[in-house]
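Data first, discussion second: the structure below is written as structure tokens.
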Amino acid sequence: MSVKQAKIVAAGLEGIDAYRLDLEVDIRGGCPYMRVVGLPDASLREACERVKAAVRASGYRFPSSEVVVVNLVPARRRKEEGAAFDLPMALAILAADGQLAPERLAGTAAQGELSLDGRVRPVQGALAAGAALAAAGVRRLLVAPESARAAALGGGADFEVVPVGTLAEAVGVLTGGLSRPPLRASAEDVLARAEAAPAPDLADVRGVEAGKQALLLAAAGGHDLLLVGPPGAGKTMLARRLPGLLPPLDRDEMLEVSRIHAVARGVDPQDPDAGLVARRPFRAPHHTTSYAALVGGGARPRPGEASLAHKGVLFLDELPEFGRAALEALREPLESREVVVARARACVRFPADFQLVAAMNPCPCGHVGDPRRACRCAPAAVERYQGRVSGPLFDRIDISVRVVPPPVELLGAPPPPGAIASAVARERVVSARALQRERAGCLNARLDADALRRSLSLTPAARRALGAAARARVLSARGVAKVQRCARTAADLAGRERVNEGDVDLALSLRLPDLAA
């Protein structure tokens, strides 16, 4: 009995990361059938019919009178993006059947879904696949034209990505009958175009000087921020200007953020670059967002809003209106900067290194402390409203500031002469962040206890002020550490090596002891 075999490299997807996978095909005589083994999912089992139709429609012979077994290695990992294996499966079957020399598959990987007429369609995870295959030593990847740019960005300069529109084109590239140059993509070009796009400017915000100061401090140190104030005070306007104060994404950050968004969004053939994120994300989910949508989850784990805001801003407007379970689920990511979704079949980690910016009214009517209008709420109603957000979650937020509405006459006026534009503020933020990374290797908001102790360098007056305030305000140990980190950031913004009493006073003033005050 003759045995015909061939092997090609493919890429599996697990969470936001890809891994190299070997797809083996064995064809032999016997009762004819086709079977896929190696923990395939339902879409992969259905691939048998797609591949058969695509092979025949492309003018090739499918070995229907023989046994065709497709093995996915490693077999221990469940394959949950089955459509991505259509193209490599078809090429390996043609090679095992002698219609394509098996040695032509050496050093080449393939990824793509096949239509019944033989066209190659884009699939999820092209960017992650390019990165994983390049790291595994694969030289070339055949993908759908819509996926080629993302795969080229992931693979880097030495990795060849060849777009193929049909199965016949893929065979032509492998045999040398079709000459198609590899696609080249530059992450620097993508980032440069993103930076040229307009963004909201801090100079357009009138009044709310305390809010602007808090925003600048949050941007410089990576601190989480809570804005408290009546309706129309400018809380949302301030929050939407935070991404413009942050330094641009670098190449590695862009690729990591894009991998997350590509997995969450799926594939849009009309917009192949939809999954490429070249600017810092700004995510503003509605307060009805579920627990799983906020932190991630599902039967097949997918990233939630916390991960989609990775390296950017997660803005929760009307904070007390969010579900209690959803808000409490943010407590761990705010400390660990990742989300772990555990299921019976797998445990997936999603990065979640975001800056939390939350906004809320101080009471149900919104006017506690509002100089323009008197509050109509009973003290018990105010307490119940603020109690919707737990104390431990409040304690994890570095900066909380009251936003007072600006005078009406300022709203239509041009920017005052001393107004700080976002571009100027960003330069200060970039300089302060450079100091922090040079000193400790991370931003002040991410300093652990040992690194904070080494970095703090308080003056005697600052040490006394911090101790007195901690005793008077009954700050928790976490609260004291957050005040220290914010004071360190204030000194970095001013270019000072030591943290003085003014820096401590500023950090304390940006941590509200009582929201109803």
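Identifiers in this document derive from the order of the structure tokens: chains are assigned A, B, ..., residues are numbered from 1 separately in each chain, and ligands are numbered from 1 in order of occurrence.
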
Checklist entry - Do you know which residues are at most 8 Å from Pro243 (chain A) counting only C-alpha atoms, after dropping those on the same chain fewer than 2 positions away, and could you put them as an NGL selection string? => result :A and (240-241 or 245-246 or 280-282 or 312-313)

Deliver the residues from the most recent selection as a file, using C-alpha atoms, as a PDB file, in the first residue's frame.
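Result file follows (again_31.pdb):
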ATOM      1  CA  ARG A 240     -10.638  63.060  26.127  1.00  0.00           C
ATOM      2  CA  ARG A 241      -7.514  65.227  26.067  1.00  0.00           C
ATOM      3  CA  LEU A 245      -0.631  64.464  26.395  1.00  0.00           C
ATOM      4  CA  LEU A 246       0.877  60.980  26.288  1.00  0.00           C
ATOM      5  CA  ARG A 280      -2.883  55.380  22.148  1.00  0.00           C
ATOM      6  CA  PRO A 281      -6.320  53.809  22.614  1.00  0.00           C
ATOM      7  CA  PHE A 282      -9.100  55.738  24.279  1.00  0.00           C
ATOM      8  CA  GLY A 312      -3.891  53.929  26.507  1.00  0.00           C
ATOM      9  CA  VAL A 313      -6.837  55.283  28.499  1.00  0.00           C
TER      10      VAL A 313
END

Checklist entry - Can you list, as a ChimeraX atom specification, every protein, DNA or RNA residue that comes within 12 Å of Gly59 (chain A) when you count only C-alpha atoms, leaving out same-chain residues fewer than 6 positions away? => result /A:52-53,94,99,117-118,166-169,171

Keeping only C-alpha atoms, take the residues you just selected and write them out as a JSON list (two decimals), in the first residue's frame.
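Writing the result to out_7.json gives the following:
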[["chain", "number", "residue", "atom", "x", "y", "z"],
["A", 52, "LYS", "CA", -12.42, 19.85, -1.42],
["A", 53, "ALA", "CA", -14.53, 22.41, -3.28],
["A", 94, "LEU", "CA", -1.69, 18.86, -3.31],
["A", 99, "GLN", "CA", 0.52, 17.73, -7.87],
["A", 117, "ASP", "CA", -14.34, 28.96, -5.70],
["A", 118, "GLY", "CA", -10.72, 28.92, -4.51],
["A", 166, "THR", "CA", -6.46, 32.42, -4.88],
["A", 167, "LEU", "CA", -5.28, 28.88, -4.26],
["A", 168, "ALA", "CA", -3.95, 28.78, -7.83],
["A", 169, "GLU", "CA", -1.84, 31.88, -7.16],
["A", 171, "VAL", "CA", 0.60, 27.17, -6.06]]

Checklist entry - Residues of region 234-431 of chain A in alpha helix (DSSP H) according to DSSP, as a ChimeraX atom specification? => result /A:235-239,242-245,251-265,291-295,305-308,324-328,331-336,379-386,391-395,408-411,422-431

Next on the checklist: Run DSSP on the backbone and tell me which residues of region 104-330 of chain A come out as strand (DSSP E or B); list them as an MDAnalysis selection string.
Outcome noted: chainID A and resid 108:110 113:114 119:121 140:143 160:163 166 183 225:228 282:283 297 302 313:316

Checklist entry - Out of A:Gly82, A:Pro122, A:Pro198, A:Pro88, which residue has the shortest atom-to-atom distance to Asp22 (chain A) when counting only C-alpha atoms? => result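 Going through A:Gly82, A:Pro122, A:Pro198, A:Pro88 one by one, the smallest distance to Asp22 (chain A) is for A:Pro88.
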
Distance table requested - region 196-226 of chain A against region 327-347 of chain A, cut-off 12 Å, only C-alpha atoms: one row per qualifying residue with the closest atom pair and its distance in Å to one decimal, ordered by chain and rising residue number, as a tab-separated table.
residue	atom	partner	partner_atom	distance
A:Gly222	CA	A:Leu334	CA	11.7
A:His223	CA	A:Leu334	CA	10.5
A:Asp224	CA	A:Leu334	CA	8.8
A:Leu225	CA	A:Leu334	CA	11.9

Next on the checklist: If we count only C-alpha atoms and set the cut-off at 10 Å, which residues sit around Glu14 (chain A), ignoring sequence neighbours fewer than 4 positions away in its own chain? Please answer as a list in words.
Outcome noted: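 Close residues of Glu14 (chain A): Ala18, Tyr19, Arg77, Arg78, Lys79, Glu80, Glu81, Gly125, Ala128, Val263, Arg300, Pro301, Ala346, Cys347, Val348 and Arg349 of chain A.
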
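Using only C-alpha atoms, the smallest distance between any of A:Asp353, A:Glu188, A:Asp86, A:Glu103 and Val143 (chain A) comes from A:Asp86.
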
Item to check | Nearest candidate to Thr289 (chain A) (options A:Arg396, A:Arg471, A:His310, A:Arg324; using only C-alpha atoms) | outcome: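 Under the stated criterion, the closest residue is A:Arg324.
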
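Of note, CA of Ile420 (chain A) and CA of Ala210 (chain A) are spaced 13.4 Å apart.
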
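Proximity of A:Arg140, A:Arg373, A:Arg119, A:Arg193 to Gly156 (chain A), computed with only C-alpha atoms, is greatest for A:Arg140.
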
Item to check | Exercise: Val205 (chain A) partners within 12 Å, only C-alpha atoms, chain neighbours under 2 positions left out, as a ChimeraX atom specification | outcome: /A:200-203,207-212,215,233-241,405-406,410-416,419-422

Saved selection, atoms kept: N, CA and C atoms, as a compact mmCIF listing (two decimals), in the first residue's frame:
# COMPACT_ATOMS: atom_id res chain seq x y z
N PRO A 200 -7.91 66.40 20.06
CA PRO A 200 -8.40 67.48 20.93
C PRO A 200 -7.25 68.15 21.67
N ASP A 201 -7.33 69.48 21.78
CA ASP A 201 -6.24 70.26 22.37
C ASP A 201 -6.62 70.74 23.76
N LEU A 202 -5.68 70.66 24.67
CA LEU A 202 -5.91 71.12 26.04
C LEU A 202 -6.17 72.62 26.09
N ALA A 203 -5.65 73.36 25.14
CA ALA A 203 -5.85 74.82 25.13
C ALA A 203 -7.30 75.21 24.91
N GLY A 207 -11.04 77.43 31.98
CA GLY A 207 -11.14 77.28 33.42
C GLY A 207 -10.61 75.92 33.89
N VAL A 208 -11.27 75.33 34.90
CA VAL A 208 -10.95 74.03 35.50
C VAL A 208 -9.43 73.83 35.63
N GLU A 209 -8.75 74.79 36.23
CA GLU A 209 -7.30 74.73 36.34
C GLU A 209 -6.84 73.55 37.20
N ALA A 210 -7.59 73.25 38.26
CA ALA A 210 -7.23 72.10 39.10
C ALA A 210 -7.32 70.80 38.28
N GLY A 211 -8.33 70.72 37.43
CA GLY A 211 -8.47 69.54 36.59
C GLY A 211 -7.33 69.41 35.60
N LYS A 212 -6.90 70.54 35.01
CA LYS A 212 -5.78 70.51 34.07
C LYS A 212 -4.49 70.08 34.77
N LEU A 215 -4.64 66.43 35.36
CA LEU A 215 -4.47 65.71 34.09
C LEU A 215 -3.00 65.65 33.70
N ALA A 233 -19.37 70.34 33.96
CA ALA A 233 -18.18 71.00 34.51
C ALA A 233 -16.95 70.83 33.61
N GLY A 234 -16.98 69.90 32.68
CA GLY A 234 -15.84 69.70 31.79
C GLY A 234 -15.06 68.42 32.07
N LYS A 235 -15.66 67.46 32.80
CA LYS A 235 -14.94 66.22 33.15
C LYS A 235 -14.62 65.39 31.91
N THR A 236 -15.61 65.21 31.05
CA THR A 236 -15.38 64.41 29.85
C THR A 236 -14.43 65.12 28.90
N MET A 237 -14.54 66.42 28.78
CA MET A 237 -13.65 67.18 27.92
C MET A 237 -12.19 67.01 28.36
N LEU A 238 -11.95 67.04 29.66
CA LEU A 238 -10.60 66.84 30.17
C LEU A 238 -10.11 65.41 29.86
N ALA A 239 -10.97 64.43 30.13
CA ALA A 239 -10.57 63.04 29.94
C ALA A 239 -10.18 62.76 28.49
N ARG A 240 -10.91 63.33 27.54
CA ARG A 240 -10.64 63.06 26.13
C ARG A 240 -9.35 63.73 25.65
N ARG A 241 -8.79 64.60 26.45
CA ARG A 241 -7.51 65.23 26.07
C ARG A 241 -6.30 64.52 26.66
N PRO A 405 -17.18 74.05 37.67
CA PRO A 405 -17.55 74.63 36.38
C PRO A 405 -16.93 76.01 36.18
N PRO A 406 -16.46 76.31 34.98
CA PRO A 406 -15.88 77.65 34.73
C PRO A 406 -16.97 78.70 34.64
N LEU A 410 -16.31 82.73 30.33
CA LEU A 410 -15.11 82.11 29.76
C LEU A 410 -15.41 81.16 28.61
N LEU A 411 -16.65 80.66 28.55
CA LEU A 411 -16.95 79.57 27.63
C LEU A 411 -16.81 79.99 26.17
N GLY A 412 -17.21 81.17 25.82
CA GLY A 412 -17.12 81.60 24.43
C GLY A 412 -15.90 82.45 24.14
N ALA A 413 -15.04 82.64 25.12
CA ALA A 413 -13.87 83.51 24.94
C ALA A 413 -12.73 82.75 24.26
N PRO A 414 -11.82 83.45 23.58
CA PRO A 414 -10.64 82.79 23.00
C PRO A 414 -9.71 82.31 24.10
N PRO A 415 -8.80 81.41 23.79
CA PRO A 415 -7.85 80.91 24.80
C PRO A 415 -7.05 82.05 25.39
N PRO A 416 -6.90 82.09 26.70
CA PRO A 416 -6.11 83.16 27.31
C PRO A 416 -4.65 83.04 26.90
N ALA A 419 -2.62 79.99 28.15
CA ALA A 419 -3.19 78.64 28.00
C ALA A 419 -2.14 77.67 27.46
N ILE A 420 -2.05 76.50 28.07
CA ILE A 420 -1.06 75.49 27.67
C ILE A 420 -1.66 74.59 26.60
N ALA A 421 -1.01 74.51 25.46
CA ALA A 421 -1.46 73.62 24.39
C ALA A 421 -1.01 72.20 24.69
N SER A 422 -1.69 71.24 24.10
CA SER A 422 -1.35 69.83 24.32
C SER A 422 0.08 69.52 23.88

Next on the checklist: Could you list, as a PyMOL selection string, every residue within 10 Å of Thr459 (chain A), counting only C-alpha atoms and ignoring same-chain residues fewer than 2 positions away?
Outcome noted: chain A and resi 456-457+461-465+498-501

Polymer residues at most 6 Å from Gly155 (chain A), only C-alpha atoms, same-chain spacing of 2 or more positions, as a PDB file with N, CA and C atoms, in the first residue's frame:
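Result written to selection.pdb:
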ATOM      1  N   GLY A 130       2.568  36.556  11.862  1.00  0.00           N
ATOM      2  CA  GLY A 130       3.825  37.014  11.292  1.00  0.00           C
ATOM      3  C   GLY A 130       4.936  37.079  12.328  1.00  0.00           C
ATOM      4  N   ALA A 131       4.613  37.616  13.516  1.00  0.00           N
ATOM      5  CA  ALA A 131       5.616  37.725  14.579  1.00  0.00           C
ATOM      6  C   ALA A 131       6.066  36.348  15.064  1.00  0.00           C
ATOM      7  N   ALA A 134       8.101  34.400  12.224  1.00  0.00           N
ATOM      8  CA  ALA A 134       9.437  34.974  12.042  1.00  0.00           C
ATOM      9  C   ALA A 134      10.357  34.568  13.196  1.00  0.00           C
ATOM     10  N   ALA A 152       3.156  41.500   7.576  1.00  0.00           N
ATOM     11  CA  ALA A 152       4.483  42.061   7.308  1.00  0.00           C
ATOM     12  C   ALA A 152       4.960  42.930   8.471  1.00  0.00           C
ATOM     13  N   LEU A 153       4.054  43.676   9.075  1.00  0.00           N
ATOM     14  CA  LEU A 153       4.431  44.483  10.243  1.00  0.00           C
ATOM     15  C   LEU A 153       4.859  43.585  11.403  1.00  0.00           C
ATOM     16  N   PHE A 159      11.413  39.172   7.059  1.00  0.00           N
ATOM     17  CA  PHE A 159      10.362  38.165   6.875  1.00  0.00           C
ATOM     18  C   PHE A 159       9.584  38.492   5.612  1.00  0.00           C
TER      19      PHE A 159
END

Next on the checklist: One decimal, in Å: what's the spacing between CA of Leu435 (chain A) and CA of Val504 (chain A)?
Outcome noted: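 Rounded to one decimal, the two atoms are 18.7 Å apart.
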
Item to check | Contact residues around Leu100 (chain A) with only C-alpha atoms at 12 Å, ignoring same-chain residues under 3 positions, as an MDAnalysis selection string | outcome: chainID A and resid 5:7 60:61 90:97 103:105 168 170:177

Based on the selection just made, write N, CA and C atoms of those residues as a compact mmCIF listing (two decimals), in the first residue's frame.
# COMPACT_ATOMS: atom_id res chain seq x y z
N GLN A 5 2.86 11.51 1.79
CA GLN A 5 2.83 12.47 2.89
C GLN A 5 3.46 13.80 2.49
N ALA A 6 3.04 14.84 3.18
CA ALA A 6 3.63 16.17 3.00
C ALA A 6 3.39 16.97 4.28
N LYS A 7 4.16 18.03 4.46
CA LYS A 7 4.05 18.85 5.66
C LYS A 7 4.27 20.32 5.30
N TYR A 60 -7.51 21.57 -9.82
CA TYR A 60 -6.66 20.48 -9.35
C TYR A 60 -7.53 19.28 -8.99
N ARG A 61 -6.87 18.14 -8.81
CA ARG A 61 -7.58 16.91 -8.47
C ARG A 61 -7.54 16.69 -6.97
N ALA A 90 -4.93 22.76 1.97
CA ALA A 90 -5.05 22.49 0.54
C ALA A 90 -3.68 22.32 -0.11
N LEU A 91 -2.72 23.17 0.26
CA LEU A 91 -1.37 23.07 -0.33
C LEU A 91 -0.69 21.77 0.08
N ALA A 92 -0.84 21.35 1.32
CA ALA A 92 -0.22 20.11 1.76
C ALA A 92 -0.86 18.91 1.10
N ILE A 93 -2.17 18.94 0.87
CA ILE A 93 -2.84 17.83 0.17
C ILE A 93 -2.34 17.73 -1.26
N LEU A 94 -2.22 18.89 -1.94
CA LEU A 94 -1.69 18.86 -3.31
C LEU A 94 -0.26 18.33 -3.35
N ALA A 95 0.55 18.68 -2.36
CA ALA A 95 1.93 18.20 -2.31
C ALA A 95 1.99 16.70 -2.03
N ALA A 96 1.18 16.22 -1.09
CA ALA A 96 1.17 14.79 -0.79
C ALA A 96 0.65 13.97 -1.97
N ASP A 97 -0.24 14.56 -2.77
CA ASP A 97 -0.82 13.85 -3.92
C ASP A 97 0.06 13.93 -5.16
N GLU A 103 8.99 19.42 -1.55
CA GLU A 103 10.11 20.26 -1.11
C GLU A 103 9.85 21.75 -1.33
N ARG A 104 8.84 22.07 -2.18
CA ARG A 104 8.50 23.48 -2.40
C ARG A 104 7.88 24.12 -1.16
N LEU A 105 7.40 23.29 -0.25
CA LEU A 105 6.77 23.82 0.97
C LEU A 105 7.78 24.14 2.06
N ALA A 168 -4.80 28.94 -6.65
CA ALA A 168 -3.95 28.78 -7.83
C ALA A 168 -2.75 29.73 -7.78
N ALA A 170 -1.31 30.80 -5.04
CA ALA A 170 -0.40 30.25 -4.03
C ALA A 170 0.45 29.13 -4.61
N VAL A 171 -0.16 28.25 -5.41
CA VAL A 171 0.60 27.17 -6.06
C VAL A 171 1.61 27.75 -7.04
N GLY A 172 1.19 28.79 -7.78
CA GLY A 172 2.11 29.42 -8.74
C GLY A 172 3.31 30.05 -8.06
N VAL A 173 3.11 30.68 -6.90
CA VAL A 173 4.23 31.26 -6.15
C VAL A 173 5.19 30.17 -5.69
N LEU A 174 4.65 29.04 -5.22
CA LEU A 174 5.49 27.95 -4.72
C LEU A 174 6.27 27.26 -5.83
N THR A 175 5.66 27.11 -6.99
CA THR A 175 6.34 26.42 -8.10
C THR A 175 7.26 27.35 -8.88
N GLY A 176 7.15 28.63 -8.67
CA GLY A 176 7.95 29.59 -9.42
C GLY A 176 7.29 30.04 -10.70
N GLY A 177 6.10 29.53 -10.99
CA GLY A 177 5.39 29.93 -12.20
C GLY A 177 4.79 31.31 -12.11
